[in-house]
Amino acid sequence: MAERYGTDLTGLGGFEGGVTSENGAALVSTSSDGATSLLFGPAALREIQAGVANGDFAISPDDSTGTITAENPLPYWTFTDSSAGAITCAIVPDSGSGSGKILRWTVAANTASKSALIFRNVAIAATRDRAYAYSLEVTAGGSSNITTRDLVISLQYLKADQTNTGTAISRTYDFADFINTSTGLFIANTERLNAPADAAYAQIVIQVAATTTNASSYVIDLYEVKLITGQPMILVADRSDAATYGPGAMWKANGITSVDTQMPTSLTAGYGKLQLSSSSVTVTSPFISSDAGTGIDAVLVQTGNLIVDDTSGGADQITITDTTAGAGLTIGGDTNLYRSAANTLKTDDSLAVTGNLSTTGRMTAGNIASGIVTITPVANSTTGVAVTGLTVRTSAVTATQNDVSILVTASSQADALRTTSASAPTFSGANLTGFTVNCFRTNTTTTGVWYFAIGR
């Protein structure tokens with residue numbers, strides 16, 4: 001008869017209350033009592049949700065009202081005091097935090113060149129191709145407008161044997177940066193945020209330091225610590241026809257963040273239909289915001305400048321189509337549609353709007369010029385004033401007079417121009433850079449003339 005291997009011990013469910021940490025806080029619960037049950041305890045839940053166990057300080061030390069020391073440790077953190085007791089911290093109740101608690105730091109009066117810190121090593125998903133990145137965020141608050149008391153946040157990657165790998169990332173704030181509430185984070189988009197290939201842990205260090213002596217004591221509150229994980233690729237599944245369409249994706253390669261309706265076949269050859277770099281936004285296919293009568297209006301909102309530019313040729317185009325009503329293009333900044341490598345407009349560079357197009361500012365175009373000139377006429381004679389400095393573009397490679405249309409009309413002394421004392425203003429010598437406005441009067445009355453030139 002074959003031997004059987006196994007055990008008669010019951011599983012996790014045989015333990016009343018689940019699994020707890022050494023300080024008695026639940027890690028995993030066996031309770032399934034409806035809405036009040038939690039599968040994971042607060043420390044494990046916080047590491048899953050925000051990357052740092054007890055990063056919201058939900059679990060107090062054994063002496064819940066005492067200061068944090070080596071004998072009264074903060075669960076899941078290590079406390080190191082280099083201040084001889086001048087800088088302390090303790091868990092205090094706080095109804096404004098989700099955990100109901102915060103970590104309050106106190107720097108005693110007359111403290112200088114001293115510091116204390118807490119740190120935690122978090123296991124990370126490092127890979128040989130450095131496809132994961134991590135960024136530290138620390139939310140703190142206070143009321144002290146003091147610059148000689150610092151909060152320093154640091155991230156150092158560690159190998160499996162707890163030795164350093166890569167270069168530490170650190171940022172120093174002073175207490176004045178956290179008046180009311182603020183979040184400290186790494187603002188430099190440095191490659192050091194990418195985990196080294198041999199990293200196994202991310203060591204989080206939060207230090208409070210006093211640089212020079214001050215006669216008063218100061219307090220700063222830590223609300224939460226988060227470790228933000230950067231994934232190598234974000235996939236978006238199709239929710240309406242998954243049998244036909246695969247997932248869309250967002251990823252970054254060679255300094256360009258790309259978005260596409262499908263996953264890339266290569267990270268080095270080509271990018272998504274929307275490409276974001278440090279200096280530009282590129283759309284590689286026609287950008288169409290449309291509404292085919294589903295009742296959802298097609299609206300594109302741009303809060304800054306919108307520039308469509310192609311220096312090598314091809315169609316530069318924005319198309320807004322709505323077969324019912326409500327299509328809109330809202331731009332808070334300037335709008336430029338041009339090909340900067342050419343001096344003439346191209347027929348394939350266009351802004352097409354099938355509905356109304358309105359603007360609260362001025363509408364300008366390279367083939368339109370307008371303005372006003374003032375003529376002080378010589379009596380009983382035709383007097384001309386040159387309009388110069390224009391740049392009227394046309395579709396013609398070499399523009400002629402026939403490629404520019406000009407309208408001139410009097411803007412002042414209109415009643416006088418209706419009499420025999422004057423004739424309607426005219427123009428002569430039209431070209432891309434200017435022309436002459438002419439006016440005949442029987443007197444010397446100063447006359448303003450509007451002009452409007454448009455290139456075809």
# chains A, B, ... in the order shown; residues from 1 in each chain; ligands from 1

$ select_by_dssp --residues "segment 25-246 of chain A" --states "strand (DSSP E)" --output "short mmCIF file (atom, residue, chain, number, x, y, z; two decimals) with N, CA and C atoms, in the first residue's frame"
data_model
loop_
_atom_site.label_atom_id
_atom_site.label_comp_id
_atom_site.auth_asym_id
_atom_site.auth_seq_id
_atom_site.Cartn_x
_atom_site.Cartn_y
_atom_site.Cartn_z
N ALA A 26 -3.48 42.58 15.22
CA ALA A 26 -3.86 41.55 14.25
C ALA A 26 -3.15 41.77 12.93
N LEU A 27 -2.62 40.67 12.37
CA LEU A 27 -2.08 40.70 11.01
C LEU A 27 -3.08 40.12 10.04
N VAL A 28 -3.58 38.93 10.36
CA VAL A 28 -4.61 38.28 9.56
C VAL A 28 -5.69 37.81 10.52
N THR A 78 11.83 51.46 13.53
CA THR A 78 12.97 51.50 14.44
C THR A 78 13.28 52.95 14.75
N PHE A 79 13.42 53.24 16.06
CA PHE A 79 13.68 54.61 16.51
C PHE A 79 15.15 54.73 16.90
N THR A 80 15.81 55.78 16.42
CA THR A 80 17.20 56.04 16.77
C THR A 80 17.32 57.47 17.27
N ASP A 81 17.84 57.64 18.49
CA ASP A 81 17.95 58.95 19.11
C ASP A 81 19.41 59.39 19.15
N ILE A 87 15.03 65.45 21.44
CA ILE A 87 14.01 65.33 20.39
C ILE A 87 13.26 64.04 20.64
N THR A 88 11.96 64.15 20.85
CA THR A 88 11.14 62.98 21.21
C THR A 88 9.92 62.91 20.30
N CYS A 89 9.29 61.73 20.29
CA CYS A 89 8.05 61.56 19.55
C CYS A 89 7.14 60.60 20.30
N ALA A 90 5.83 60.74 20.06
CA ALA A 90 4.84 59.90 20.74
C ALA A 90 3.58 59.86 19.89
N ILE A 91 2.83 58.78 20.03
CA ILE A 91 1.53 58.66 19.37
C ILE A 91 0.49 59.44 20.17
N VAL A 92 -0.29 60.29 19.49
CA VAL A 92 -1.36 61.05 20.14
C VAL A 92 -2.64 60.89 19.33
N PRO A 93 -3.80 60.94 19.99
CA PRO A 93 -5.07 60.84 19.26
C PRO A 93 -5.27 62.02 18.31
N LYS A 101 -4.95 58.50 14.83
CA LYS A 101 -3.71 58.78 15.56
C LYS A 101 -2.69 59.45 14.64
N ILE A 102 -1.75 60.16 15.25
CA ILE A 102 -0.63 60.76 14.53
C ILE A 102 0.63 60.57 15.37
N LEU A 103 1.78 60.81 14.76
CA LEU A 103 3.05 60.75 15.48
C LEU A 103 3.53 62.18 15.68
N ARG A 104 3.55 62.62 16.93
CA ARG A 104 3.93 64.01 17.25
C ARG A 104 5.38 64.06 17.72
N TRP A 105 6.16 64.92 17.04
CA TRP A 105 7.56 65.14 17.39
C TRP A 105 7.70 66.46 18.14
N THR A 106 8.55 66.46 19.18
CA THR A 106 8.81 67.66 19.97
C THR A 106 10.31 67.89 20.05
N VAL A 107 10.72 69.11 19.67
CA VAL A 107 12.12 69.51 19.79
C VAL A 107 12.22 70.46 20.97
N LYS A 114 21.42 68.49 16.78
CA LYS A 114 20.96 67.19 17.28
C LYS A 114 19.85 66.68 16.38
N SER A 115 19.64 65.35 16.41
CA SER A 115 18.61 64.76 15.56
C SER A 115 18.12 63.46 16.17
N ALA A 116 16.95 63.02 15.68
CA ALA A 116 16.39 61.71 16.00
C ALA A 116 15.62 61.26 14.76
N LEU A 117 15.47 59.95 14.61
CA LEU A 117 14.83 59.46 13.40
C LEU A 117 14.12 58.14 13.64
N ILE A 118 13.21 57.83 12.70
CA ILE A 118 12.60 56.51 12.61
C ILE A 118 12.88 55.98 11.21
N PHE A 119 13.01 54.68 11.09
CA PHE A 119 13.20 54.11 9.76
C PHE A 119 12.54 52.75 9.69
N ARG A 120 12.25 52.34 8.44
CA ARG A 120 11.65 51.04 8.18
C ARG A 120 12.16 50.53 6.85
N ASN A 121 12.44 49.23 6.78
CA ASN A 121 12.84 48.58 5.54
C ASN A 121 11.62 47.87 4.95
N VAL A 122 11.27 48.24 3.72
CA VAL A 122 10.11 47.69 3.04
C VAL A 122 10.56 46.79 1.91
N ALA A 123 10.09 45.55 1.89
CA ALA A 123 10.40 44.65 0.79
C ALA A 123 9.79 45.18 -0.50
N ALA A 133 9.81 51.49 -9.84
CA ALA A 133 10.30 52.71 -9.21
C ALA A 133 9.48 52.99 -7.96
N TYR A 134 10.10 53.71 -7.00
CA TYR A 134 9.43 54.00 -5.74
C TYR A 134 9.72 55.44 -5.33
N SER A 135 8.70 56.10 -4.81
CA SER A 135 8.86 57.47 -4.35
C SER A 135 8.21 57.61 -2.98
N LEU A 136 8.89 58.32 -2.10
CA LEU A 136 8.45 58.48 -0.72
C LEU A 136 7.66 59.76 -0.55
N GLU A 137 6.53 59.67 0.15
CA GLU A 137 5.73 60.84 0.49
C GLU A 137 5.46 60.85 1.99
N VAL A 138 5.65 62.00 2.60
CA VAL A 138 5.41 62.17 4.03
C VAL A 138 4.51 63.38 4.23
N THR A 139 3.35 63.16 4.83
CA THR A 139 2.42 64.25 5.09
C THR A 139 2.55 64.67 6.55
N ALA A 140 2.78 65.97 6.74
CA ALA A 140 3.01 66.50 8.09
C ALA A 140 2.29 67.82 8.23
N GLY A 141 2.20 68.32 9.46
CA GLY A 141 1.55 69.60 9.71
C GLY A 141 2.02 70.19 11.01
N GLY A 142 1.88 71.50 11.12
CA GLY A 142 2.28 72.19 12.33
C GLY A 142 1.89 73.64 12.26
N ARG A 149 14.47 74.25 12.38
CA ARG A 149 14.08 72.89 12.74
C ARG A 149 13.67 72.18 11.46
N ASP A 150 14.29 71.04 11.19
CA ASP A 150 14.17 70.38 9.88
C ASP A 150 13.46 69.04 9.97
N LEU A 151 12.78 68.72 8.86
CA LEU A 151 12.24 67.38 8.64
C LEU A 151 12.92 66.86 7.37
N VAL A 152 13.65 65.75 7.49
CA VAL A 152 14.41 65.19 6.39
C VAL A 152 13.82 63.84 6.02
N ILE A 153 13.46 63.64 4.76
CA ILE A 153 12.94 62.35 4.30
C ILE A 153 13.95 61.75 3.32
N SER A 154 14.22 60.45 3.47
CA SER A 154 15.24 59.80 2.66
C SER A 154 14.78 58.41 2.25
N LEU A 155 15.29 57.96 1.11
CA LEU A 155 15.02 56.62 0.61
C LEU A 155 16.35 56.02 0.15
N GLN A 156 16.70 54.87 0.72
CA GLN A 156 17.93 54.17 0.36
C GLN A 156 17.58 52.72 0.03
N TYR A 157 17.98 52.25 -1.14
CA TYR A 157 17.75 50.85 -1.49
C TYR A 157 18.79 49.97 -0.83
N LEU A 158 18.35 48.77 -0.45
CA LEU A 158 19.21 47.81 0.22
C LEU A 158 19.19 46.49 -0.54
N ILE A 169 18.35 58.89 -1.90
CA ILE A 169 17.59 60.06 -2.34
C ILE A 169 17.08 60.75 -1.09
N SER A 170 17.31 62.04 -0.97
CA SER A 170 16.95 62.74 0.26
C SER A 170 16.48 64.15 -0.05
N ARG A 171 15.59 64.65 0.80
CA ARG A 171 15.13 66.03 0.69
C ARG A 171 14.91 66.60 2.08
N THR A 172 15.38 67.82 2.29
CA THR A 172 15.29 68.47 3.59
C THR A 172 14.26 69.60 3.55
N TYR A 173 13.34 69.57 4.50
CA TYR A 173 12.35 70.63 4.69
C TYR A 173 12.59 71.27 6.06
N ASP A 174 12.10 72.48 6.24
CA ASP A 174 12.05 73.02 7.59
C ASP A 174 10.61 73.07 8.06
N ASN A 180 0.04 74.37 8.78
CA ASN A 180 -1.22 73.70 8.49
C ASN A 180 -0.91 72.27 8.06
N THR A 181 -1.00 71.92 6.78
CA THR A 181 -0.71 70.56 6.33
C THR A 181 -0.06 70.62 4.96
N SER A 182 0.98 69.81 4.77
CA SER A 182 1.64 69.73 3.48
C SER A 182 2.24 68.34 3.34
N THR A 183 2.54 67.96 2.09
CA THR A 183 3.15 66.66 1.82
C THR A 183 4.55 66.87 1.27
N GLY A 184 5.53 66.30 1.95
CA GLY A 184 6.89 66.34 1.47
C GLY A 184 7.15 65.15 0.56
N LEU A 185 7.81 65.38 -0.56
CA LEU A 185 8.08 64.32 -1.52
C LEU A 185 9.30 64.67 -2.32
N TYR A 201 15.13 45.72 -0.74
CA TYR A 201 14.37 46.54 0.20
C TYR A 201 14.52 48.02 -0.15
N ALA A 202 13.53 48.80 0.26
CA ALA A 202 13.62 50.26 0.25
C ALA A 202 13.61 50.71 1.70
N GLN A 203 14.68 51.35 2.13
CA GLN A 203 14.76 51.83 3.51
C GLN A 203 14.24 53.27 3.58
N ILE A 204 13.18 53.46 4.35
CA ILE A 204 12.56 54.77 4.54
C ILE A 204 13.11 55.37 5.83
N VAL A 205 13.63 56.59 5.75
CA VAL A 205 14.18 57.27 6.92
C VAL A 205 13.49 58.63 7.05
N ILE A 206 12.96 58.90 8.24
CA ILE A 206 12.34 60.20 8.54
C ILE A 206 13.04 60.77 9.76
N GLN A 207 13.70 61.88 9.56
CA GLN A 207 14.54 62.47 10.60
C GLN A 207 14.04 63.86 10.98
N VAL A 208 14.07 64.16 12.26
CA VAL A 208 13.79 65.49 12.78
C VAL A 208 15.09 66.02 13.37
N ALA A 209 15.48 67.23 12.98
CA ALA A 209 16.77 67.76 13.40
C ALA A 209 16.66 69.22 13.80
N ALA A 210 17.53 69.62 14.71
CA ALA A 210 17.66 71.02 15.13
C ALA A 210 19.02 71.52 14.68
N TYR A 218 9.52 73.29 19.86
CA TYR A 218 8.69 73.28 18.66
C TYR A 218 8.16 71.87 18.41
N VAL A 219 6.98 71.83 17.77
CA VAL A 219 6.28 70.57 17.55
C VAL A 219 5.94 70.45 16.07
N ILE A 220 6.05 69.23 15.55
CA ILE A 220 5.56 68.93 14.21
C ILE A 220 4.90 67.56 14.25
N ASP A 221 3.80 67.42 13.53
CA ASP A 221 3.02 66.18 13.53
C ASP A 221 3.20 65.44 12.21
N LEU A 222 3.49 64.15 12.29
CA LEU A 222 3.49 63.29 11.11
C LEU A 222 2.14 62.61 11.01
N TYR A 223 1.47 62.77 9.89
CA TYR A 223 0.16 62.18 9.68
C TYR A 223 0.24 60.81 9.02
N GLU A 224 1.08 60.72 7.99
CA GLU A 224 1.18 59.44 7.31
C GLU A 224 2.44 59.40 6.45
N VAL A 225 2.89 58.17 6.19
CA VAL A 225 4.03 57.92 5.32
C VAL A 225 3.57 56.95 4.23
N LYS A 226 3.85 57.31 2.97
CA LYS A 226 3.42 56.48 1.84
C LYS A 226 4.61 56.18 0.95
N LEU A 227 4.63 54.99 0.38
CA LEU A 227 5.64 54.62 -0.60
C LEU A 227 4.90 54.33 -1.91
N ILE A 228 5.07 55.23 -2.88
CA ILE A 228 4.35 55.13 -4.15
C ILE A 228 5.13 54.22 -5.09
N THR A 229 4.45 53.22 -5.64
CA THR A 229 5.09 52.25 -6.53
C THR A 229 4.85 52.60 -7.99
N GLY A 230 5.91 52.63 -8.77
CA GLY A 230 5.80 52.85 -10.20
C GLY A 230 5.85 51.53 -10.94
N MET A 233 4.27 48.95 -16.53
CA MET A 233 3.25 49.23 -17.54
C MET A 233 1.87 49.17 -16.89
N ILE A 234 1.00 50.05 -17.29
CA ILE A 234 -0.38 50.06 -16.81
C ILE A 234 -1.27 49.59 -17.95
N LEU A 235 -2.07 48.56 -17.69
CA LEU A 235 -2.97 48.01 -18.70
C LEU A 235 -4.41 48.43 -18.40
N VAL A 236 -5.17 48.71 -19.44
CA VAL A 236 -6.58 49.08 -19.32
C VAL A 236 -7.39 48.12 -20.18
#

$ closest_residue --among "A:Ala197, A:Ala25, A:Met263, A:Ala242" --to "Leu45 of chain A" --atoms "only C-alpha atoms"
A:Ala25

$ atom_distance --atom1 "atom CA of Pro61 of chain A" --atom2 "atom CA of Leu74 of chain A"
5.0 Å

$ closest_residue --among "A:Gly429, A:Ile124, A:Asp94, A:Trp251" --to "Ile48 of chain A" --atoms "only C-alpha atoms"
A:Ile124

$ closest_residue --among "A:Gly96, A:Ala365, A:Gly255, A:Gln262" --to "Asp238 of chain A" --atoms "only C-alpha atoms"
A:Gln262

$ residues_around --residues "Thr211 of chain A" --least-positions-apart "5" --cutoff "6 Å" --atoms "only C-alpha atoms" --output "number ranges by chain"
A: 112-113, 148

$ write_last_selection --atoms "N, CA and C atoms" --output "compact mmCIF listing (two decimals), in the first residue's frame"
# COMPACT_ATOMS: atom_id res chain seq x y z
N ALA A 112 20.47 72.25 19.64
CA ALA A 112 21.18 72.56 18.41
C ALA A 112 22.05 71.38 18.01
N SER A 113 22.19 71.19 16.68
CA SER A 113 23.06 70.16 16.12
C SER A 113 22.72 68.77 16.66
N THR A 148 14.82 76.78 11.58
CA THR A 148 15.99 76.12 12.15
C THR A 148 15.67 74.74 12.69

$ residues_around --residues "Asn214 of chain A" --least-positions-apart "2" --cutoff "9 Å" --atoms "only C-alpha atoms" --output "MDAnalysis selection string"
chainID A and resid 108:112 148 210 212 216:217

$ write_last_selection --atoms "N, CA and C atoms" --output "CSV table (one decimal), in the first residue's frame"
chain,number,residue,atom,x,y,z
A,108,ALA,N,13.0,70.1,22.0
A,108,ALA,CA,13.1,70.9,23.2
A,108,ALA,C,13.8,72.2,22.9
A,109,ALA,N,13.5,73.2,23.8
A,109,ALA,CA,14.2,74.5,23.7
A,109,ALA,C,15.7,74.3,23.9
A,110,ASN,N,16.4,75.3,23.3
A,110,ASN,CA,17.9,75.3,23.4
A,110,ASN,C,18.6,74.1,22.9
A,111,THR,N,18.0,73.5,21.8
A,111,THR,CA,18.6,72.3,21.2
A,111,THR,C,19.2,72.7,19.8
A,112,ALA,N,20.5,72.2,19.6
A,112,ALA,CA,21.2,72.6,18.4
A,112,ALA,C,22.0,71.4,18.0
A,148,THR,N,14.8,76.8,11.6
A,148,THR,CA,16.0,76.1,12.2
A,148,THR,C,15.7,74.7,12.7
A,210,ALA,N,17.5,69.6,14.7
A,210,ALA,CA,17.7,71.0,15.1
A,210,ALA,C,19.0,71.5,14.7
A,212,THR,N,20.3,75.0,14.8
A,212,THR,CA,20.8,76.0,15.7
A,212,THR,C,20.0,76.2,17.0
A,216,SER,N,12.8,78.4,22.3
A,216,SER,CA,11.5,77.8,22.4
A,216,SER,C,11.5,76.4,22.0
A,217,SER,N,10.6,75.6,22.4
A,217,SER,CA,10.4,74.2,21.9
A,217,SER,C,9.4,74.3,20.8

$ atom_distance --atom1 "atom CA of Thr69 of chain A" --atom2 "atom CA of Gly100 of chain A"
21.5 Å

$ residues_around --residues "Asn23 of chain A" --least-positions-apart "2" --cutoff "12 Å" --atoms "only C-alpha atoms" --output "list in words"
Val19, Thr20, Ser21, Ala25, Ala26, Leu27, Ala43, Ile59, Ser60, Pro61, Asp62, Asp63, Ser64, Asn72, Pro73, Leu74, Pro75 and Tyr76 of chain A

$ atom_distance --atom1 "atom CA of Thr426 of chain A" --atom2 "atom CA of Thr446 of chain A"
15.8 Å
